[in-house]
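Chemist: Next comes query15.txt, compact mmCIF, C-alpha atoms and all ligand atoms:
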# COMPACT_ATOMS: atom_id res chain seq x y z
CA MET A 12 9.34 0.33 -22.47
CA ILE A 13 11.27 2.69 -20.16
CA VAL A 14 14.90 1.77 -19.51
CA SER A 15 16.79 3.76 -16.88
CA LYS A 16 20.25 3.52 -15.36
CA LYS A 17 18.63 4.48 -12.03
CA PHE A 18 16.45 1.37 -11.73
CA GLU A 19 16.41 -2.24 -12.83
CA THR A 20 13.51 -3.76 -14.77
CA ILE A 21 11.96 -6.80 -13.06
CA SER A 22 9.14 -7.17 -15.57
CA ALA A 23 7.45 -5.21 -18.37
CA GLN A 24 4.25 -6.18 -20.16
CA LYS A 25 2.07 -4.42 -22.67
CA SER A 26 -1.37 -3.65 -21.24
CA PHE A 27 -4.22 -1.61 -22.78
CA GLY A 28 -1.79 -0.05 -25.24
CA GLY A 29 0.56 1.05 -22.44
CA THR A 30 3.14 -0.83 -20.37
CA GLN A 31 2.85 -2.30 -16.89
CA SER A 32 6.32 -2.64 -15.38
CA VAL A 33 7.86 -3.52 -12.05
CA TYR A 34 11.21 -1.93 -11.21
CA ARG A 35 13.74 -2.17 -8.39
CA HIS A 36 16.16 0.50 -7.20
CA ALA A 37 18.56 1.14 -4.34
CA SER A 38 16.78 3.54 -1.97
CA THR A 39 18.88 5.90 0.14
CA GLU A 40 15.99 6.53 2.56
CA THR A 41 15.31 2.89 3.38
CA GLY A 42 18.84 1.61 2.82
CA CYS A 43 17.65 -1.41 0.86
CA PRO A 44 16.43 -2.31 -2.62
CA MET A 45 12.83 -1.18 -3.15
CA ARG A 46 10.39 -2.40 -5.79
CA PHE A 47 7.63 -0.33 -7.37
CA GLY A 48 5.05 -0.88 -10.09
CA VAL A 49 4.62 1.63 -12.92
CA PHE A 50 1.88 1.72 -15.55
CA ILE A 51 2.73 4.08 -18.39
CA PRO A 52 -0.31 4.87 -20.59
CA PRO A 53 -0.04 5.06 -24.38
CA GLN A 54 -0.38 8.88 -24.38
CA ALA A 55 3.09 9.13 -22.79
CA ALA A 56 4.63 8.33 -26.19
CA HIS A 57 3.59 11.85 -27.29
CA ARG A 58 3.65 14.07 -24.19
CA PRO A 59 4.32 14.02 -20.44
CA VAL A 60 1.32 12.62 -18.58
CA PRO A 61 -0.07 13.14 -15.06
CA ALA A 62 0.87 10.54 -12.45
CA LEU A 63 -1.04 8.99 -9.58
CA TYR A 64 0.70 7.29 -6.64
CA TYR A 65 -1.18 4.41 -4.97
CA LEU A 66 -0.19 3.44 -1.41
CA ALA A 67 -1.24 -0.05 -0.38
CA GLY A 68 -2.31 -1.39 3.01
CA LEU A 69 -1.07 -3.84 5.63
CA THR A 70 0.54 -7.05 4.33
CA CYS A 71 0.78 -5.66 0.79
CA THR A 72 3.68 -5.22 -1.59
CA GLU A 73 3.82 -3.31 -4.88
CA GLU A 74 2.09 -6.30 -6.45
CA ASN A 75 -1.43 -6.08 -4.96
CA PHE A 76 -2.42 -2.94 -6.85
CA VAL A 77 -0.78 -4.10 -10.06
CA VAL A 78 -2.61 -7.42 -10.19
CA LYS A 79 -5.86 -6.84 -8.27
CA ALA A 80 -7.02 -3.22 -8.57
CA GLY A 81 -7.90 -3.33 -12.28
CA ALA A 82 -6.67 0.23 -12.85
CA GLN A 83 -4.74 -0.13 -16.12
CA ARG A 84 -7.72 0.10 -18.49
CA ILE A 85 -8.92 3.42 -17.10
CA GLY A 86 -5.35 4.67 -16.67
CA ALA A 87 -4.86 4.06 -20.39
CA GLU A 88 -8.16 5.75 -21.27
CA LEU A 89 -7.44 8.83 -19.16
CA GLY A 90 -3.71 8.96 -19.91
CA ILE A 91 -2.53 8.74 -16.30
CA ALA A 92 0.65 6.99 -15.13
CA LEU A 93 0.05 4.74 -12.09
CA ILE A 94 2.83 4.26 -9.55
CA ALA A 95 2.56 1.57 -6.88
CA PRO A 96 5.37 1.49 -4.28
CA ASP A 97 5.98 -1.22 -1.69
CA THR A 98 4.67 -0.68 1.86
CA SER A 99 7.93 -0.97 3.83
CA PRO A 100 11.64 -1.70 3.56
CA ARG A 101 12.44 -5.38 3.04
CA GLY A 102 15.15 -7.59 4.45
CA LEU A 103 16.78 -5.18 6.90
CA HIS A 104 16.90 -8.06 9.41
CA TYR A 105 15.83 -6.07 12.46
CA PRO A 106 14.72 -8.36 15.31
CA SER A 107 10.96 -9.12 15.05
CA GLU A 108 10.74 -7.26 11.72
CA ASP A 109 8.72 -10.03 10.07
CA ASP A 110 6.80 -11.28 13.11
CA ALA A 111 3.53 -9.30 12.93
CA TYR A 112 1.26 -8.41 10.01
CA ASP A 113 0.62 -4.92 11.39
CA PHE A 114 4.14 -3.79 12.30
CA GLY A 115 7.52 -4.00 10.57
CA SER A 116 7.73 -5.43 7.06
CA GLY A 117 4.54 -4.85 5.09
CA ALA A 118 3.49 -2.23 7.63
CA GLY A 119 5.76 0.82 7.31
CA PHE A 120 2.81 3.15 7.99
CA TYR A 121 4.37 5.87 5.78
CA VAL A 122 6.24 7.47 8.70
CA ASP A 123 9.90 8.31 9.35
CA ALA A 124 10.64 6.26 12.47
CA THR A 125 12.54 7.83 15.34
CA GLU A 126 12.76 4.76 17.60
CA ALA A 127 15.61 2.23 17.43
CA PRO A 128 16.21 0.13 15.45
CA TRP A 129 13.53 1.28 13.00
CA GLN A 130 14.80 4.83 12.51
CA THR A 131 17.56 3.90 10.08
CA GLY A 132 15.43 2.17 7.42
CA TYR A 133 11.75 2.70 8.22
CA ARG A 134 11.58 6.06 6.43
CA MET A 135 8.61 5.47 4.16
CA TYR A 136 7.36 9.06 4.64
CA SER A 137 10.50 10.57 3.11
CA TYR A 138 10.70 7.78 0.57
CA ILE A 139 7.18 8.42 -0.78
CA SER A 140 7.01 12.19 -0.36
CA ARG A 141 10.49 13.01 -1.73
CA GLU A 142 12.85 10.27 -2.87
CA LEU A 143 10.54 8.41 -5.22
CA PRO A 144 8.93 11.49 -6.86
CA ASP A 145 12.39 13.03 -7.38
CA LEU A 146 13.58 9.83 -9.06
CA LEU A 147 10.49 9.23 -11.18
CA ASN A 148 9.99 12.86 -12.24
CA ALA A 149 13.49 12.69 -13.71
CA GLU A 150 13.25 9.23 -15.28
CA LEU A 151 9.66 8.81 -16.49
CA PRO A 152 7.58 10.75 -19.07
CA ILE A 153 5.43 12.32 -16.35
CA ASP A 154 4.50 15.94 -15.68
CA PRO A 155 5.78 16.86 -12.19
CA ALA A 156 3.14 19.59 -11.91
CA ARG A 157 0.31 17.05 -12.24
CA ILE A 158 0.75 14.42 -9.53
CA GLY A 159 -1.95 12.98 -7.28
CA ILE A 160 -1.98 10.34 -4.56
CA PHE A 161 -4.45 7.75 -3.26
CA GLY A 162 -4.36 4.59 -1.21
CA HIS A 163 -6.11 1.89 0.77
CA SER A 164 -6.43 1.43 4.55
CA MET A 165 -2.90 2.05 5.95
CA GLY A 166 -2.13 3.41 2.48
CA GLY A 167 -5.18 5.67 2.63
CA HIS A 168 -3.72 7.10 5.83
CA GLY A 169 -0.39 7.50 3.99
CA ALA A 170 -1.99 9.22 1.01
CA LEU A 171 -4.01 11.64 3.15
CA THR A 172 -1.14 12.61 5.47
CA ILE A 173 1.40 12.98 2.66
CA ALA A 174 -0.94 15.09 0.51
CA LEU A 175 -1.88 17.29 3.47
CA LYS A 176 1.81 17.93 4.20
CA HIS A 177 2.92 18.25 0.55
CA PRO A 178 0.15 19.99 -1.39
CA GLU A 179 2.85 21.49 -3.64
CA THR A 180 3.74 17.97 -4.84
CA PHE A 181 0.41 16.13 -4.58
CA LYS A 182 -2.41 18.18 -6.08
CA SER A 183 -5.29 15.72 -5.52
CA VAL A 184 -6.00 13.00 -2.94
CA SER A 185 -8.49 10.18 -2.43
CA ALA A 186 -8.71 6.98 -0.40
CA PHE A 187 -10.40 3.61 -0.09
CA ALA A 188 -11.28 2.65 3.50
CA PRO A 189 -8.49 4.76 5.03
CA ILE A 190 -7.27 4.76 8.62
CA VAL A 191 -8.22 8.41 9.18
CA SER A 192 -6.81 8.84 12.68
CA PRO A 193 -4.04 6.40 13.64
CA MET A 194 -3.80 8.14 17.05
CA ARG A 195 -7.26 6.78 17.81
CA CYS A 196 -7.23 3.15 16.67
CA PRO A 197 -5.37 -0.02 17.70
CA TRP A 198 -3.42 -0.47 14.41
CA GLY A 199 -2.23 3.12 14.56
CA GLU A 200 -1.45 3.18 18.28
CA LYS A 201 0.71 0.09 17.92
CA ALA A 202 2.57 1.40 14.87
CA LEU A 203 3.08 4.96 16.13
CA THR A 204 4.29 3.73 19.53
CA GLY A 205 6.75 1.36 17.87
CA TYR A 206 8.06 3.77 15.24
CA LEU A 207 7.78 7.13 17.06
CA GLY A 208 7.74 6.33 20.80
CA THR A 209 5.18 7.15 23.45
CA ASP A 210 5.00 10.97 23.07
CA ARG A 211 1.58 11.36 21.48
CA ASN A 212 2.37 14.91 20.40
CA ALA A 213 4.86 13.51 17.90
CA TRP A 214 2.07 11.35 16.45
CA ARG A 215 0.04 14.34 15.29
CA ALA A 216 2.35 14.87 12.31
CA TYR A 217 1.09 11.54 10.97
CA ASP A 218 -2.61 11.82 11.81
CA ALA A 219 -4.84 13.00 8.94
CA THR A 220 -7.51 14.47 11.22
CA ALA A 221 -4.92 16.39 13.26
CA LEU A 222 -3.29 17.65 10.05
CA ILE A 223 -6.66 18.83 8.74
CA GLU A 224 -7.19 20.73 12.01
CA GLU A 225 -3.71 22.26 11.89
CA ARG A 226 -3.04 22.82 8.20
CA GLY A 227 -6.35 22.54 6.35
CA TRP A 228 -6.44 21.59 2.67
CA ALA A 229 -6.90 24.09 -0.15
CA GLY A 230 -6.89 21.48 -2.93
CA PRO A 231 -9.84 19.87 -4.70
CA PRO A 232 -12.46 17.84 -2.78
CA ILE A 233 -11.13 14.77 -0.95
CA LEU A 234 -12.86 11.60 -2.17
CA ILE A 235 -13.21 8.68 0.26
CA ASP A 236 -15.05 5.41 -0.37
CA GLN A 237 -15.81 3.18 2.62
CA GLY A 238 -17.65 -0.16 2.56
CA THR A 239 -20.37 -0.63 5.19
CA ALA A 240 -19.50 -4.36 5.54
CA ASP A 241 -15.80 -3.66 6.17
CA PRO A 242 -14.81 -5.67 9.27
CA PHE A 243 -12.36 -2.92 10.31
CA LEU A 244 -14.85 -0.04 10.01
CA GLU A 245 -15.74 0.67 13.65
CA ARG A 246 -12.52 -0.32 15.37
CA GLU A 247 -9.80 0.91 13.01
CA LEU A 248 -11.10 3.16 10.22
CA LYS A 249 -13.69 5.48 11.82
CA PRO A 250 -14.49 7.72 8.83
CA GLU A 251 -16.77 9.85 11.04
CA LEU A 252 -13.59 11.39 12.52
CA ILE A 253 -12.44 12.84 9.21
CA ARG A 254 -15.97 13.89 8.37
CA ALA A 255 -16.05 15.95 11.58
CA ALA A 256 -12.54 17.40 11.03
CA CYS A 257 -13.37 18.47 7.47
CA ALA A 258 -16.76 19.91 8.49
CA ALA A 259 -15.12 22.00 11.22
CA LYS A 260 -12.68 23.50 8.70
CA THR A 261 -15.19 23.62 5.80
CA ILE A 262 -12.94 21.40 3.71
CA PRO A 263 -14.83 19.67 0.88
CA LEU A 264 -15.00 15.92 1.54
CA ASP A 265 -16.97 13.44 -0.54
CA LEU A 266 -17.29 10.51 1.89
CA ARG A 267 -19.31 7.76 0.24
CA MET A 268 -20.52 4.87 2.40
CA GLN A 269 -20.82 1.94 -0.02
CA ASP A 270 -23.52 -0.49 1.03
CA GLY A 271 -22.38 -4.09 1.56
CA TYR A 272 -18.76 -3.71 0.43
CA ASP A 273 -15.93 -5.10 2.55
CA HIS A 274 -12.21 -4.22 2.86
CA SER A 275 -10.94 -6.23 -0.10
CA TYR A 276 -9.64 -5.50 -3.57
CA PHE A 277 -13.10 -6.50 -4.89
CA PHE A 278 -14.31 -3.29 -3.22
CA ILE A 279 -11.32 -1.30 -4.46
CA ALA A 280 -11.68 -2.51 -8.06
CA THR A 281 -15.40 -1.61 -8.01
CA PHE A 282 -14.69 2.07 -7.34
CA MET A 283 -11.29 2.41 -9.04
CA ASP A 284 -12.87 3.98 -12.11
CA ASP A 285 -14.45 6.77 -10.00
CA HIS A 286 -11.15 7.49 -8.23
CA LEU A 287 -9.11 7.73 -11.42
CA ARG A 288 -11.71 10.02 -13.00
CA HIS A 289 -11.73 12.15 -9.85
CA HIS A 290 -7.97 12.67 -10.07
CA ALA A 291 -8.05 13.18 -13.85
CA ARG A 292 -10.53 16.02 -13.36
CA TYR A 293 -8.10 17.96 -11.19
CA LEU A 294 -4.67 17.03 -12.57
N1 LIG B 1 -4.19 -9.52 8.70
C1 LIG B 1 -5.50 -9.17 8.32
C2 LIG B 1 -5.60 -7.80 7.66
C3 LIG B 1 -4.84 -7.66 6.37
C4 LIG B 1 -5.59 -6.85 5.36
O1 LIG B 1 -6.84 -6.80 5.32
N2 LIG B 1 -4.85 -6.22 4.50
C5 LIG B 1 -5.43 -5.39 3.46
C6 LIG B 1 -4.94 -3.97 3.65
S1 LIG B 1 -5.29 -3.38 5.29
C7 LIG B 1 -5.03 -5.89 2.09
O2 LIG B 1 -5.08 -5.13 1.14
N3 LIG B 1 -4.62 -7.15 1.98
C8 LIG B 1 -4.06 -7.69 0.75
C9 LIG B 1 -5.05 -8.09 -0.30
O3 LIG B 1 -6.26 -8.17 -0.02
O4 LIG B 1 -4.61 -8.31 -1.45
C10 LIG B 1 -5.96 -10.27 7.43
O5 LIG B 1 -5.10 -10.93 6.83
O6 LIG B 1 -7.18 -10.46 7.35
As structure tokens - that is how I would like this structure written.
Modeler:
Amino acid sequence: MIVSKKFETISAQKSFGGTQSVYRHASTETGCPMRFGVFIPPQAAHRPVPALYYLAGLTCTEENFVVKAGAQRIGAELGIALIAPDTSPRGLHYPSEDDAYDFGSGAGFYVDATEAPWQTGYRMYSYISRELPDLLNAELPIDPARIGIFGHSMGGHGALTIALKHPETFKSVSAFAPIVSPMRCPWGEKALTGYLGTDRNAWRAYDATALIEERGWAGPPILIDQGTADPFLERELKPELIRAACAAKTIPLDLRMQDGYDHSYFFIATFMDDHLRHHARYL
């Protein structure tokens, strides 16, 4: 079990020869206590291991991945640490913060807000891309040169945009049913207007398809799984947009349309094995 002066242990349980823990620390980016899940595989007793960050979707906390994704067994087999942050600050008490499932708490959208009052605490982009890796690289038995990132839905958008902007930190990326272009869907338009204001140019820094057009991606192939029975497929997720952006830049994308799967953790758990093996191959 890892004990650190930098974070407090909420729980720690042996799992598949490793340890599944939940920790809490005081974040400077969000200005509030933040929880995160960490699975440390058994191999970490002998050497630093690669790490994979998982960003969850709307309404989620650090708990959904830990209890529903079924990733620990393969993480233990492959020797990969699994890190599952929360999806927003908690308890900042901004007006209307807890009123909607798709904005405010549980819906940080992995951006640094510029609009009041959100701009002080809703800094999930800096939290995930810098603060948390800096903390965990120093405190956990992980190899900072072998870090990947993946996520689901809003978290798939977070994983793609953060990897595209920080390829030096995140060497591999994949997603389950990601929002691929928040500029072009109702969830994204609502969140980006609320957090960043109405200037759509500012939104491009948080749009995976725009980032692919502007920056490209020189890393390994991007793996995306998308269920064909996902109720959000046509209106919110639109994987054809990232397919077109990658094709235009000849960026390798393995977009797999999975027949009959929906948007749930039953879908995620089904393909978790493939995603962990994908990252293990390149980390
Ligand atoms: N508010 C909608 C959408 C929420 C939703 O589907 N959230 C996804 C991420 S976008 C999720 O992972 N929910 C938590 C879970 O299934 O454990 C609903 O409740 O149906």
Chemist: Around ligand LIG 1 (chain B), out to 7 Å and counting all atoms listed in the file, which residues are there? I want them as a VMD selection string.
Modeler: chain A and resid 67 to 71 75 112 163 to 165 274 to 276
Chemist: Give me, please, the distance in Å between CA of Ile262 (chain A) and CA of Ala213 (chain A), quoted to one decimal.
Modeler: 24.1 Å
Chemist: Can you pull out every residue within 9 Å of Val49 (chain A), counting only C-alpha atoms, but drop anything in the same chain fewer than 5 positions away, and send it as an MDAnalysis selection string?
Modeler: chainID A and resid 30:34 77 92:96
Chemist: Near region 117-130 of chain A, counting all atoms listed in the file, which residues have an atom at most 8 Å away, once you skip same-chain residues fewer than 4 positions from it, shown as JSON, numbers by chain?
Modeler: {"A": [68, 69, 70, 71, 72, 97, 98, 99, 100, 105, 112, 113, 134, 135, 136, 137, 139, 165, 166, 168, 169, 202, 205, 206, 207, 208, 217]}
Chemist: Quick one: everything within 9 Å of Lys79 (chain A), counting only C-alpha atoms, minus sequence neighbours fewer than 6 positions away in the same chain. Send it as a ChimeraX atom specification.
Modeler: /A:276-277,279-280
